[in-house]
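Chemist: What follows is coords_1.txt, compact mmCIF, C-alpha atoms.
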```
# COMPACT_ATOMS: atom_id res chain seq x y z
CA MET N 614 28.47 11.50 -37.18
CA SER N 615 25.44 12.78 -35.27
CA PHE N 616 25.35 12.97 -31.48
CA ARG N 617 22.59 10.38 -31.51
CA SER N 618 25.09 7.81 -32.84
CA TRP N 619 27.19 8.18 -29.68
CA LEU N 620 24.43 7.68 -27.13
CA PRO N 621 24.48 3.91 -26.52
CA VAL N 622 28.23 3.80 -26.03
CA LEU N 623 28.18 6.94 -23.87
CA VAL N 624 25.68 5.42 -21.47
CA PHE N 625 27.43 2.07 -21.42
CA LEU N 626 30.83 3.62 -20.71
CA GLY N 627 29.34 5.05 -17.54
CA LEU N 628 27.89 1.66 -16.64
CA LEU N 629 30.78 -0.64 -17.46
CA PRO N 630 33.11 0.11 -14.54
CA LEU N 631 30.26 -0.79 -12.15
CA GLY N 632 29.60 -4.22 -13.61
CA ALA N 633 32.75 -5.22 -15.45
CA ALA N 634 35.46 -7.45 -14.09
CA ALA N 635 38.71 -5.81 -13.04
CA ASP N 636 40.50 -7.32 -16.02
CA THR N 637 38.32 -5.44 -18.56
CA PRO N 638 39.32 -1.78 -18.11
CA PRO N 639 38.13 0.86 -20.56
CA ALA N 640 40.09 0.97 -23.78
CA ALA N 641 43.06 3.30 -23.54
CA GLY N 642 43.28 6.28 -25.82
CA ALA N 643 39.59 6.26 -26.77
CA ALA N 644 38.37 9.38 -28.52
CA THR N 645 36.49 11.88 -26.36
CA PRO N 646 32.82 11.88 -27.37
CA PRO N 647 30.68 15.01 -27.57
CA PRO N 648 29.25 16.16 -24.22
CA ALA N 649 25.92 14.63 -23.27
CA MET N 650 22.79 16.71 -23.61
CA ALA N 651 21.44 18.00 -20.33
CA PRO N 652 18.92 15.57 -18.87
CA GLY N 653 15.39 16.72 -18.25
CA ALA N 654 11.76 15.87 -18.64
CA PRO N 655 10.75 15.37 -22.28
CA PRO N 656 8.21 17.79 -23.77
CA LYS N 657 4.61 16.95 -22.90
CA SER N 658 3.81 17.38 -26.58
CA VAL N 659 6.01 14.34 -27.29
CA PHE N 660 5.81 11.97 -24.30
CA GLU N 661 2.91 11.44 -21.94
CA ILE N 662 3.91 9.86 -18.62
CA ALA N 663 1.27 7.69 -16.91
CA ASP N 664 0.94 7.17 -13.16
CA ASP N 665 2.80 3.85 -13.41
CA GLY N 666 5.71 5.58 -15.16
CA THR N 667 4.96 4.30 -18.65
CA ALA N 668 5.97 6.86 -21.26
CA THR N 669 3.77 6.99 -24.37
CA HIS N 670 5.23 8.63 -27.46
CA LEU N 671 2.23 10.59 -28.77
CA GLN N 672 3.38 10.76 -32.39
CA SER N 673 3.60 6.96 -32.73
CA GLN N 674 1.99 5.42 -29.62
CA LEU N 675 5.31 3.74 -28.76
CA GLN N 676 5.13 2.48 -25.17
CA CYS N 677 8.22 2.72 -22.97
CA PRO N 678 7.48 1.16 -19.56
CA ALA N 679 9.34 2.39 -16.49
CA SER N 680 10.82 -1.08 -15.98
CA LEU N 681 10.82 -4.39 -17.80
CA ASP N 682 12.59 -7.73 -17.37
CA GLY N 683 14.85 -6.39 -14.64
CA TYR N 684 15.78 -3.31 -16.69
CA THR N 685 15.00 0.26 -15.65
CA ARG N 686 14.23 3.05 -18.07
CA ASP N 687 16.62 5.85 -17.20
CA GLU N 688 16.22 8.24 -20.11
CA LEU N 689 13.85 9.52 -22.77
CA ARG N 690 15.31 11.53 -25.62
CA VAL N 691 13.81 13.80 -28.28
CA TYR N 692 16.37 14.52 -30.98
CA ASP N 693 14.45 16.86 -33.28
CA GLY N 694 12.63 18.89 -30.64
CA ILE N 695 9.32 18.00 -32.29
CA GLY N 696 8.74 14.31 -31.70
CA PHE N 697 9.54 12.51 -34.93
CA ASP N 698 12.88 11.16 -33.67
CA VAL N 699 12.99 9.73 -30.13
CA SER N 700 14.51 7.03 -27.96
CA CYS N 701 14.02 5.18 -24.68
CA ASN N 702 17.08 3.86 -22.84
CA TYR N 703 17.15 0.93 -20.40
CA ARG N 704 19.84 -0.18 -17.98
CA GLY N 705 20.12 -3.74 -16.78
CA PRO N 706 22.64 -6.23 -15.44
CA GLN N 707 25.95 -5.35 -17.11
CA SER N 708 24.06 -4.17 -20.17
CA ASP N 709 22.35 -1.24 -21.79
CA VAL N 710 19.54 -1.37 -24.38
CA THR N 711 18.18 1.62 -26.29
CA ILE N 712 15.21 1.60 -28.66
CA TYR N 713 14.80 4.36 -31.23
CA LEU N 714 11.90 5.37 -33.43
CA ALA N 715 12.29 7.99 -36.15
CA ARG N 716 10.17 8.83 -39.16
CA HIS N 717 12.39 8.28 -42.18
CA PRO N 718 11.65 7.24 -45.76
CA VAL N 719 12.34 3.57 -46.39
CA ALA N 720 15.14 4.56 -48.77
CA GLN N 721 17.08 6.00 -45.82
CA LEU N 722 17.09 2.73 -43.88
CA ALA N 723 20.18 1.23 -45.52
CA PRO N 724 22.38 4.35 -45.13
CA ALA N 725 21.18 4.78 -41.53
CA PHE N 726 22.15 1.19 -40.80
CA GLU N 727 25.63 1.71 -42.23
CA ASN N 728 26.03 4.86 -40.11
CA ALA N 729 25.02 2.94 -36.98
CA LYS N 730 27.65 0.28 -37.68
CA GLN N 731 30.34 2.85 -38.37
CA ALA N 732 29.57 4.61 -35.09
CA ILE N 733 30.52 1.48 -33.15
CA VAL N 734 33.71 0.90 -35.11
CA LYS N 735 34.80 4.53 -34.76
CA ARG N 736 34.10 4.56 -31.05
CA PHE N 737 35.88 1.24 -30.38
CA PRO N 738 38.82 0.88 -32.77
CA ASP N 739 39.34 -2.75 -31.75
CA ALA N 740 35.72 -3.70 -32.52
CA VAL N 741 35.46 -6.61 -34.93
CA PRO N 742 32.35 -8.14 -36.49
CA ARG N 743 31.10 -11.38 -35.00
CA ASP N 744 29.00 -13.95 -36.77
CA THR N 745 26.45 -14.60 -34.05
CA GLY N 746 24.59 -11.82 -32.29
CA MET N 747 21.54 -11.91 -30.04
CA ALA N 748 18.43 -13.69 -31.31
CA LEU N 749 16.36 -11.41 -33.56
CA PRO N 750 12.85 -10.61 -32.31
CA PRO N 751 10.15 -12.03 -34.61
CA GLY N 752 7.79 -10.06 -36.81
CA LEU N 753 10.12 -7.56 -38.51
CA ASP N 754 12.44 -7.63 -41.51
CA TRP N 755 15.68 -6.84 -39.71
CA LYS N 756 19.04 -5.48 -40.71
CA ALA N 757 21.44 -6.67 -37.99
CA ALA N 758 25.13 -6.47 -37.14
CA SER N 759 27.14 -7.60 -34.12
CA TYR N 760 30.57 -6.61 -32.84
CA ALA N 761 33.01 -7.60 -30.12
CA SER N 762 35.56 -5.26 -28.55
CA ARG N 763 37.84 -4.96 -25.52
CA GLY N 764 39.29 -8.37 -26.13
CA GLY N 765 35.86 -9.89 -26.62
CA ALA N 766 34.54 -8.71 -23.25
CA GLN N 767 32.13 -6.12 -24.68
CA LEU N 768 29.49 -7.06 -27.23
CA ASP N 769 27.39 -4.69 -29.34
CA ASP N 770 24.34 -5.41 -31.48
CA VAL N 771 22.61 -3.04 -33.89
CA LEU N 772 19.14 -4.00 -35.19
CA MET N 773 17.10 -1.88 -37.59
CA ALA N 774 13.79 -2.33 -39.42
CA ASP N 775 11.14 -0.30 -41.23
CA VAL N 776 7.77 0.11 -39.50
CA SER N 777 5.27 1.78 -41.85
CA GLY N 778 7.70 4.49 -42.88
CA TRP N 779 9.34 4.83 -39.47
CA GLU N 780 12.80 3.53 -38.61
CA TYR N 781 12.84 1.29 -35.55
CA GLU N 782 16.29 0.63 -34.13
CA VAL N 783 17.71 -1.29 -31.19
CA ARG N 784 21.23 -0.80 -29.91
CA ALA N 785 22.40 -3.18 -27.21
CA THR N 786 25.76 -3.06 -25.43
CA TYR N 787 26.52 -5.77 -22.89
CA LEU N 788 29.05 -8.08 -21.35
CA GLY N 789 29.00 -11.68 -22.55
CA PRO N 790 27.20 -13.23 -19.53
CA SER N 791 24.29 -10.79 -20.00
CA VAL N 792 23.37 -11.72 -23.56
CA ALA N 793 20.26 -13.66 -22.53
CA GLN N 794 18.87 -10.76 -20.46
CA ALA N 795 19.66 -8.22 -23.18
CA ALA N 796 18.00 -10.40 -25.81
CA LYS N 797 14.87 -10.87 -23.70
CA VAL N 798 14.31 -7.18 -22.95
CA THR N 799 14.99 -6.39 -26.63
CA ALA N 800 12.37 -8.95 -27.71
CA ASP N 801 9.79 -7.75 -25.19
CA LEU N 802 10.27 -4.07 -25.98
CA THR N 803 10.00 -4.88 -29.68
CA GLU N 804 6.81 -6.89 -29.21
CA GLN N 805 5.25 -3.98 -27.30
CA MET N 806 6.32 -1.68 -30.12
CA ARG N 807 4.68 -3.93 -32.71
CA GLN N 808 1.42 -4.19 -30.79
CA MET N 809 1.04 -0.48 -30.05
CA ALA N 810 3.17 1.76 -32.27
CA GLY N 811 3.29 -0.76 -35.12
CA ALA N 812 -0.49 -1.09 -35.28
CA HIS N 813 -1.04 2.66 -34.97
CA LEU N 814 1.51 3.60 -37.61
CA ALA N 815 0.15 0.98 -40.00
CA ALA N 816 -3.36 2.41 -39.60
CA CYS N 817 -2.10 5.94 -40.22
CA ALA N 818 -0.15 4.86 -43.29
CA ALA N 819 -3.19 3.05 -44.70
CA ALA N 820 -5.46 6.12 -44.44
CA PRO N 821 -4.86 8.45 -47.40
CA ALA N 822 -4.61 12.17 -46.71
CA PRO N 823 -7.78 14.08 -47.63
CA ALA N 824 -8.06 16.92 -50.10
CA ARG N 825 -7.55 20.27 -48.39
CA SER N 826 -8.61 23.05 -50.68
CA GLY N 827 -11.12 24.93 -48.55
CA GLN N 828 -11.48 28.70 -48.96
CA PRO N 829 -12.19 31.20 -46.17
CA VAL N 830 -15.76 32.42 -45.90
CA ASN N 831 -15.87 36.20 -45.55
CA GLY N 832 -18.05 39.02 -46.77
CA VAL N 833 -21.40 37.23 -46.56
CA PRO N 834 -24.29 38.83 -44.63
CA TYR N 835 -25.07 35.58 -42.82
CA LEU N 836 -21.55 35.14 -41.41
CA GLY N 837 -22.84 35.94 -37.90
CA ALA N 838 -25.43 33.17 -38.12
CA MET N 839 -22.76 30.71 -39.29
CA ALA N 840 -20.49 31.74 -36.42
CA LEU N 841 -23.29 31.21 -33.89
CA SER N 842 -23.94 27.79 -35.35
CA GLY N 843 -20.25 26.89 -35.14
CA ILE N 844 -19.78 27.96 -31.53
CA ALA N 845 -22.95 26.11 -30.53
CA MET N 846 -21.61 22.96 -32.17
CA ALA N 847 -18.29 23.35 -30.38
CA HIS N 848 -19.87 23.99 -26.98
CA LEU N 849 -23.04 21.91 -27.08
CA GLY N 850 -22.65 19.60 -30.06
CA PRO N 851 -23.01 15.83 -29.73
CA PRO N 852 -19.90 13.73 -29.11
CA PRO N 853 -18.37 12.14 -32.19
CA ALA N 854 -19.57 8.71 -33.17
CA ALA N 855 -15.99 7.40 -33.01
CA THR N 856 -13.15 8.10 -30.60
CA PRO N 857 -10.51 10.22 -32.36
CA VAL N 858 -7.43 8.39 -33.62
CA TRP N 859 -4.80 11.06 -34.08
CA CYS N 860 -2.08 10.51 -36.67
CA ALA N 861 0.86 12.92 -36.67
CA GLU N 862 0.84 13.72 -40.37
CA GLY N 863 3.71 16.19 -40.45
CA ASN N 864 5.25 19.37 -39.16
CA PHE N 865 5.93 22.64 -40.92
CA THR N 866 7.72 25.89 -40.22
CA LEU N 867 5.78 29.08 -39.65
CA GLY N 868 7.92 31.92 -38.38
CA GLN N 869 9.68 30.76 -35.22
CA ASP N 870 7.22 27.97 -34.58
CA HIS N 871 7.07 24.40 -35.89
CA PRO N 872 3.45 23.28 -35.63
CA ILE N 873 2.46 19.63 -36.01
CA LEU N 874 -0.58 18.62 -38.05
CA TRP N 875 -2.62 15.76 -36.57
CA ARG N 876 -5.31 14.00 -38.60
CA ASN N 877 -8.19 12.06 -37.05
CA ILE N 878 -8.46 8.90 -39.15
CA ALA N 879 -11.57 7.85 -37.20
CA PHE N 880 -13.41 11.01 -38.30
CA ASP N 881 -16.94 9.93 -39.20
CA GLY N 882 -17.75 12.92 -41.42
CA LYS N 883 -20.63 14.01 -39.21
CA SER N 884 -19.28 15.24 -35.91
CA GLY N 885 -16.07 15.64 -33.96
CA PHE N 886 -12.78 17.21 -34.93
CA SER N 887 -11.17 16.14 -38.15
CA GLU N 888 -7.78 17.75 -37.60
CA ARG N 889 -5.76 19.59 -35.02
CA ILE N 890 -2.56 21.62 -34.99
CA THR N 891 -0.31 21.84 -31.96
CA ALA N 892 2.73 24.03 -31.38
CA SER N 893 4.55 25.81 -28.57
CA ASP N 894 1.33 27.74 -27.92
CA PRO N 895 -0.40 25.73 -25.14
CA ARG N 896 -3.73 26.10 -26.90
CA VAL N 897 -4.84 23.60 -29.52
CA ILE N 898 -6.23 24.49 -32.94
CA GLU N 899 -8.94 22.10 -34.10
CA VAL N 900 -10.89 21.80 -37.32
CA ARG N 901 -14.51 20.63 -37.18
CA LEU N 902 -17.05 19.88 -39.89
CA ASP N 903 -20.12 22.06 -39.27
CA PRO N 904 -23.19 20.72 -41.14
CA ALA N 905 -25.51 23.18 -39.36
CA SER N 906 -23.59 26.14 -40.81
CA GLY N 907 -23.87 24.47 -44.19
CA GLU N 908 -27.64 24.54 -43.73
CA VAL N 909 -27.47 28.25 -42.84
CA ALA N 910 -25.66 28.90 -46.11
CA ALA N 911 -28.08 26.69 -48.05
CA LYS N 912 -31.02 28.79 -46.88
CA GLN N 913 -29.27 31.73 -48.47
CA GLY N 914 -28.83 29.87 -51.75
CA ALA N 915 -25.18 28.93 -51.22
CA THR N 916 -23.84 25.38 -51.33
CA MET N 917 -21.06 24.94 -48.80
CA THR N 918 -19.30 22.17 -46.93
CA VAL N 919 -18.40 24.19 -43.88
CA TYR N 920 -15.42 23.59 -41.62
CA ASP N 921 -14.85 25.69 -38.50
CA VAL N 922 -11.41 26.45 -37.07
CA LEU N 923 -11.51 26.66 -33.28
CA LEU N 924 -8.94 27.62 -30.68
CA GLU N 925 -9.66 26.39 -27.17
CA ASP N 926 -8.09 26.67 -23.74
CA ALA N 927 -9.37 26.30 -20.19
CA ASP N 928 -11.19 29.66 -20.23
CA ARG N 929 -12.70 30.03 -23.67
CA ILE N 930 -13.41 28.69 -27.13
CA ASP N 931 -12.64 31.00 -30.03
CA LEU N 932 -13.99 30.36 -33.50
CA VAL N 933 -11.26 31.97 -35.59
CA GLY N 934 -12.12 30.89 -39.13
CA ILE N 935 -14.89 29.48 -41.31
CA PHE N 936 -14.00 27.66 -44.53
CA ASN N 937 -15.94 26.30 -47.46
CA GLY N 938 -14.21 22.94 -47.76
CA ARG N 939 -11.53 21.36 -45.61
CA PRO N 940 -8.80 24.00 -45.10
CA GLY N 941 -5.10 23.48 -45.67
CA PRO N 942 -2.82 23.44 -42.61
CA GLY N 943 -0.99 26.57 -43.66
CA ASP N 944 -4.25 28.52 -43.93
CA VAL N 945 -5.30 27.27 -40.50
CA ALA N 946 -1.97 27.93 -38.80
CA ARG N 947 -1.75 31.47 -40.20
CA LEU N 948 -4.90 32.37 -38.30
CA ILE N 949 -3.01 31.73 -35.06
CA PHE N 950 0.70 32.20 -35.64
CA SER N 951 0.99 35.09 -38.09
CA GLY N 952 -0.01 37.90 -35.76
CA PRO N 953 -2.78 38.87 -33.33
CA VAL N 954 -5.56 36.28 -33.18
CA HIS N 955 -8.92 37.61 -34.38
CA PHE N 956 -11.99 35.66 -33.40
CA LEU N 957 -15.29 35.60 -35.24
CA ILE N 958 -17.10 34.53 -32.09
CA ARG N 959 -16.06 33.54 -28.58
CA PHE N 960 -17.60 31.44 -25.86
CA ASP N 961 -16.34 32.58 -22.45
CA LYS N 962 -16.46 29.47 -20.26
CA THR N 963 -15.91 31.40 -17.03
CA ALA N 964 -18.74 33.88 -17.60
CA ASN N 965 -20.84 31.38 -19.60
CA ARG N 966 -21.53 33.92 -22.32
CA ILE N 967 -20.96 34.49 -26.04
CA GLU N 968 -19.06 37.46 -27.46
CA ILE N 969 -19.41 38.36 -31.12
CA PRO N 970 -17.53 41.29 -32.71
CA SER N 971 -19.40 43.79 -34.83
CA ALA N 972 -17.25 42.82 -37.86
CA THR N 973 -18.72 39.33 -37.71
CA LEU N 974 -22.26 40.63 -37.45
CA GLY N 975 -21.52 42.85 -40.44
CA GLY N 976 -20.38 39.84 -42.44
CA THR N 977 -16.80 40.95 -43.00
CA GLY N 978 -15.01 38.72 -40.51
CA LYS N 979 -11.22 38.46 -40.53
CA PRO N 980 -9.74 39.40 -43.92
CA ALA N 981 -8.52 36.51 -45.98
CA PRO N 982 -4.73 36.16 -46.56
CA PRO N 983 -3.43 38.25 -49.48
CA PRO N 984 -3.55 36.54 -52.87
CA GLY N 985 -0.39 34.55 -53.54
CA SER N 986 0.48 34.34 -49.85
CA PRO N 987 2.51 31.13 -49.38
CA ALA N 988 0.84 28.34 -47.45
CA PRO N 989 3.43 26.13 -45.71
CA GLN N 990 2.74 22.42 -46.08
CA PRO N 991 3.59 19.61 -43.66
CA SER N 992 6.93 17.92 -44.11
CA PRO N 993 6.59 14.32 -45.36
```
If you convert what's in this file into structure tokens, what do you get?
Modeler:
Amino acid sequence: MSFRSWLPVLVFLGLLPLGAAADTPPAAGAATPPPAMAPGAPPKSVFEIADDGTATHLQSQLQCPASLDGYTRDELRVYDGIGFDVSCNYRGPQSDVTIYLARHPVAQLAPAFENAKQAIVKRFPDAVPRDTGMALPPGLDWKAASYASRGGAQLDDVLMADVSGWEYEVRATYLGPSVAQAAKVTADLTEQMRQMAGAHLAACAAAPAPARSGQPVNGVPYLGAMALSGIAMAHLGPPPAATPVWCAEGNFTLGQDHPILWRNIAFDGKSGFSERITASDPRVIEVRLDPASGEVAAKQGATMTVYDVLLEDADRIDLVGIFNGRPGPGDVARLIFSGPVHFLIRFDKTANRIEIPSATLGGTGKPAPPPGSPAPQPSP
């Protein structure tokens, strides 16, 4: 059983002696669970914390407020280190409610539900199923199970549903008098999930992935002119017609890093970034359609749909690759993570100047990857 399966009962065991009556002591002889993970702030690449304390899960847009219905959020967890498996835990009156969101194929929902039920039974040997659990929040096709343990004093509910290819789960542990409060916070957290994460994930699932078969542009005498066009677009280009809507399409392994590919489903085909890749490197790789560079190529008799790969931080913008066609994520990530980063052209924000290497002016640019070099693809 995974450590994640223990979390709701671990938290509640710490809570129960504070709110339970003296005649409901912890069960004797209970198995010792694995040690809890060290608490700490979640990665900024996974959760964004607003001034009011609301935590937004960037990969799904799940909203976890700091407090709700008399419950206080006391923990955010990231189980995979990347952001595709997370939870938010809430403590309330004699109860504990945790919501989970993990990207899993729909076929894994039934086995995951069985594992969640078995975790309760293994943790509390006297747990028995009960016919009536808390009221199910509307709007989802739930799998649900309820248990009673400790002579009926402790109640546990497990709810699970598919949300556009993500597994949404609620685990509630509470004493009998707190069922109404636990049910209300569960319903309100679920409604917030449906409005924000549910809508976002549905939009991402409905937008098919584009073809990515672009080839690097090297060895052309007008490469310098294309690079100048690309850096001008990145620095001075018009804002996109639509605000980006970033969908976390997948992650892949490249050396010791695990970059995430984000796709802008609001990309209008004319301006703005179409994709980005984030990893442990604080800089962000972004892919932008560059019609002006396509015009440069057309004047030379070449027909190209040009995409620029840019790497930006607070001090500079580096154009590190030019592709004819939308590039694959492995080709893009290799420009950054496979060794020293070579730029075709740089805009130095501090000095307000452009730097262009002689190799770019000569048309050679950065050599393309060797033929047959594997291109890692995002995990589904």
Chemist: Counting only C-alpha atoms, figure out which residue out of N:Ala855, N:Ala915, N:Cys677, N:Ala815 gets nearest to Trp779 in chain N.
Modeler: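 Checking each of N:Ala855, N:Ala915, N:Cys677, N:Ala815 against Trp779 in chain N, counting only C-alpha atoms, the winner is N:Ala815.
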Chemist: Any idea what's packed within 10 Å of Leu841 in chain N, counting all atoms listed in the file, ignoring anything in its chain fewer than 2 positions away? Could you give it as a VMD selection string?
Modeler: chain N and resid 836 to 839 843 to 847 905 to 906 932 957 to 960 967 to 969
Chemist: Between CA of Val954 in chain N and CA of Gly975 in chain N, what is the distance, to one decimal in Å?
Modeler: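 Computing it gives 18.7 Å between the two atoms.
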Chemist: Which residue gives the smallest distance to Tyr835 in chain N among N:Ala946, N:Ala720, N:Ala911, N:Ala725, with all atoms listed in the file counted?
Modeler: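 Ranked by minimum distance to Tyr835 in chain N, first place goes to N:Ala911.
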Chemist: Around the point (13.4, 2.7, -29.8) (coordinates from the file), which residues reach within 12 Å if we count all atoms listed in the file? Answer as a PDB file with C-alpha atoms, in the coordinates of the input.
Modeler:
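Output saved as selection30.pdb:
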```pdb
ATOM      1  CA  PRO N 621      24.480   3.910 -26.520  1.00  0.00           C
ATOM      2  CA  THR N 669       3.770   6.990 -24.370  1.00  0.00           C
ATOM      3  CA  HIS N 670       5.230   8.630 -27.460  1.00  0.00           C
ATOM      4  CA  SER N 673       3.600   6.960 -32.730  1.00  0.00           C
ATOM      5  CA  GLN N 674       1.990   5.420 -29.620  1.00  0.00           C
ATOM      6  CA  LEU N 675       5.310   3.740 -28.760  1.00  0.00           C
ATOM      7  CA  GLN N 676       5.130   2.480 -25.170  1.00  0.00           C
ATOM      8  CA  CYS N 677       8.220   2.720 -22.970  1.00  0.00           C
ATOM      9  CA  PRO N 678       7.480   1.160 -19.560  1.00  0.00           C
ATOM     10  CA  ARG N 686      14.230   3.050 -18.070  1.00  0.00           C
ATOM     11  CA  GLU N 688      16.220   8.240 -20.110  1.00  0.00           C
ATOM     12  CA  LEU N 689      13.850   9.520 -22.770  1.00  0.00           C
ATOM     13  CA  ARG N 690      15.310  11.530 -25.620  1.00  0.00           C
ATOM     14  CA  VAL N 691      13.810  13.800 -28.280  1.00  0.00           C
ATOM     15  CA  PHE N 697       9.540  12.510 -34.930  1.00  0.00           C
ATOM     16  CA  ASP N 698      12.880  11.160 -33.670  1.00  0.00           C
ATOM     17  CA  VAL N 699      12.990   9.730 -30.130  1.00  0.00           C
ATOM     18  CA  SER N 700      14.510   7.030 -27.960  1.00  0.00           C
ATOM     19  CA  CYS N 701      14.020   5.180 -24.680  1.00  0.00           C
ATOM     20  CA  ASN N 702      17.080   3.860 -22.840  1.00  0.00           C
ATOM     21  CA  TYR N 703      17.150   0.930 -20.400  1.00  0.00           C
ATOM     22  CA  VAL N 710      19.540  -1.370 -24.380  1.00  0.00           C
ATOM     23  CA  THR N 711      18.180   1.620 -26.290  1.00  0.00           C
ATOM     24  CA  ILE N 712      15.210   1.600 -28.660  1.00  0.00           C
ATOM     25  CA  TYR N 713      14.800   4.360 -31.230  1.00  0.00           C
ATOM     26  CA  LEU N 714      11.900   5.370 -33.430  1.00  0.00           C
ATOM     27  CA  ALA N 715      12.290   7.990 -36.150  1.00  0.00           C
ATOM     28  CA  ARG N 716      10.170   8.830 -39.160  1.00  0.00           C
ATOM     29  CA  VAL N 771      22.610  -3.040 -33.890  1.00  0.00           C
ATOM     30  CA  LEU N 772      19.140  -4.000 -35.190  1.00  0.00           C
ATOM     31  CA  MET N 773      17.100  -1.880 -37.590  1.00  0.00           C
ATOM     32  CA  ALA N 774      13.790  -2.330 -39.420  1.00  0.00           C
ATOM     33  CA  VAL N 776       7.770   0.110 -39.500  1.00  0.00           C
ATOM     34  CA  TRP N 779       9.340   4.830 -39.470  1.00  0.00           C
ATOM     35  CA  GLU N 780      12.800   3.530 -38.610  1.00  0.00           C
ATOM     36  CA  TYR N 781      12.840   1.290 -35.550  1.00  0.00           C
ATOM     37  CA  GLU N 782      16.290   0.630 -34.130  1.00  0.00           C
ATOM     38  CA  VAL N 783      17.710  -1.290 -31.190  1.00  0.00           C
ATOM     39  CA  ARG N 784      21.230  -0.800 -29.910  1.00  0.00           C
ATOM     40  CA  ALA N 785      22.400  -3.180 -27.210  1.00  0.00           C
ATOM     41  CA  THR N 799      14.990  -6.390 -26.630  1.00  0.00           C
ATOM     42  CA  ALA N 800      12.370  -8.950 -27.710  1.00  0.00           C
ATOM     43  CA  ASP N 801       9.790  -7.750 -25.190  1.00  0.00           C
ATOM     44  CA  LEU N 802      10.270  -4.070 -25.980  1.00  0.00           C
ATOM     45  CA  THR N 803      10.000  -4.880 -29.680  1.00  0.00           C
ATOM     46  CA  GLU N 804       6.810  -6.890 -29.210  1.00  0.00           C
ATOM     47  CA  GLN N 805       5.250  -3.980 -27.300  1.00  0.00           C
ATOM     48  CA  MET N 806       6.320  -1.680 -30.120  1.00  0.00           C
ATOM     49  CA  ARG N 807       4.680  -3.930 -32.710  1.00  0.00           C
ATOM     50  CA  ALA N 810       3.170   1.760 -32.270  1.00  0.00           C
ATOM     51  CA  GLY N 811       3.290  -0.760 -35.120  1.00  0.00           C
TER      52      GLY N 811
END
```
Chemist: Name all residues at most 8 Å from Arg901 in chain N (count all atoms listed in the file; drop same-chain ones fewer than 2 positions away) and give them as a PyMOL selection string.
Modeler: chain N and resi 884-888+899+903+920-923
Chemist: Name all residues at most 8 Å from Ile898 in chain N (count all atoms listed in the file; drop same-chain ones fewer than 3 positions away) and give them as number ranges by chain.
Modeler: N: 889-891, 922-925
Chemist: Can you work out which one of N:Asn831, N:Ser658, N:Thr667, N:Ser777 has the shortest atom-to-atom distance to Ala819 in chain N, counting all atoms listed in the file?
Modeler: N:Ser777
Chemist: Distance CA of Met917 in chain N-CA of Ala824 in chain N, one decimal place?
Modeler: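 If I compute the distance from CA of Met917 in chain N to CA of Ala824 in chain N, I get 15.3 Å.
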Chemist: How many Å separate CA of Ile930 in chain N from CA of Val909 in chain N?
Modeler: 21.1 Å
Chemist: Taking only C-alpha atoms into account, name the residue in N:Ser893, N:Thr977, N:Thr918, N:Asn877 that is nearest to Val833 in chain N.
Modeler: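 Using only C-alpha atoms, Val833 in chain N sits closest to N:Thr977.
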Chemist: For Gly746 in chain N, list every protein, DNA or RNA residue within 12 Å, evaluated using only C-alpha atoms, and leave out those in the same chain fewer than 5 positions away; present the list as a ChimeraX atom specification.
Modeler: /N:756-761,768-772,784-787,789,792-793,795-796
Chemist: Using all atoms listed in the file, determine which residues lie at most 8 Å from Leu788 in chain N, disregarding the query and same-chain residues fewer than 4 positions distant; provide the list as a ChimeraX atom specification.
Modeler: /N:633,707-708,766-768,792
Chemist: Ranking N:Asp931, N:Asp754, N:Asp894, N:Asp881 by minimum distance to Gln869 in chain N and counting all atoms listed in the file, which one comes first?
Modeler: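 Smallest separation from Gln869 in chain N among the options: N:Asp894.
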Chemist: List every protein, DNA or RNA residue with an atom no more than 12 Å from (7.1, 31.0, -35.2) in the file's coordinates, counting all atoms listed in the file, and format the result as a PyMOL selection string.
Modeler: chain N and resi 865-872+892-894+946-947+949-952
Chemist: Output C-alpha atoms for every residue in that selection, as a PDB file, in the frame of the given file.
Modeler:
```pdb
ATOM      1  CA  PHE N 865       5.930  22.640 -40.920  1.00  0.00           C
ATOM      2  CA  THR N 866       7.720  25.890 -40.220  1.00  0.00           C
ATOM      3  CA  LEU N 867       5.780  29.080 -39.650  1.00  0.00           C
ATOM      4  CA  GLY N 868       7.920  31.920 -38.380  1.00  0.00           C
ATOM      5  CA  GLN N 869       9.680  30.760 -35.220  1.00  0.00           C
ATOM      6  CA  ASP N 870       7.220  27.970 -34.580  1.00  0.00           C
ATOM      7  CA  HIS N 871       7.070  24.400 -35.890  1.00  0.00           C
ATOM      8  CA  PRO N 872       3.450  23.280 -35.630  1.00  0.00           C
ATOM      9  CA  ALA N 892       2.730  24.030 -31.380  1.00  0.00           C
ATOM     10  CA  SER N 893       4.550  25.810 -28.570  1.00  0.00           C
ATOM     11  CA  ASP N 894       1.330  27.740 -27.920  1.00  0.00           C
ATOM     12  CA  ALA N 946      -1.970  27.930 -38.800  1.00  0.00           C
ATOM     13  CA  ARG N 947      -1.750  31.470 -40.200  1.00  0.00           C
ATOM     14  CA  ILE N 949      -3.010  31.730 -35.060  1.00  0.00           C
ATOM     15  CA  PHE N 950       0.700  32.200 -35.640  1.00  0.00           C
ATOM     16  CA  SER N 951       0.990  35.090 -38.090  1.00  0.00           C
ATOM     17  CA  GLY N 952      -0.010  37.900 -35.760  1.00  0.00           C
TER      18      GLY N 952
END
```
Chemist: Which residue is closest to Phe880 in chain N? Choose from N:Met809, N:Asn864, N:Pro852, N:Gln672 and count only C-alpha atoms.
Modeler: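 Result for the nearest residue to Phe880 in chain N: N:Pro852.
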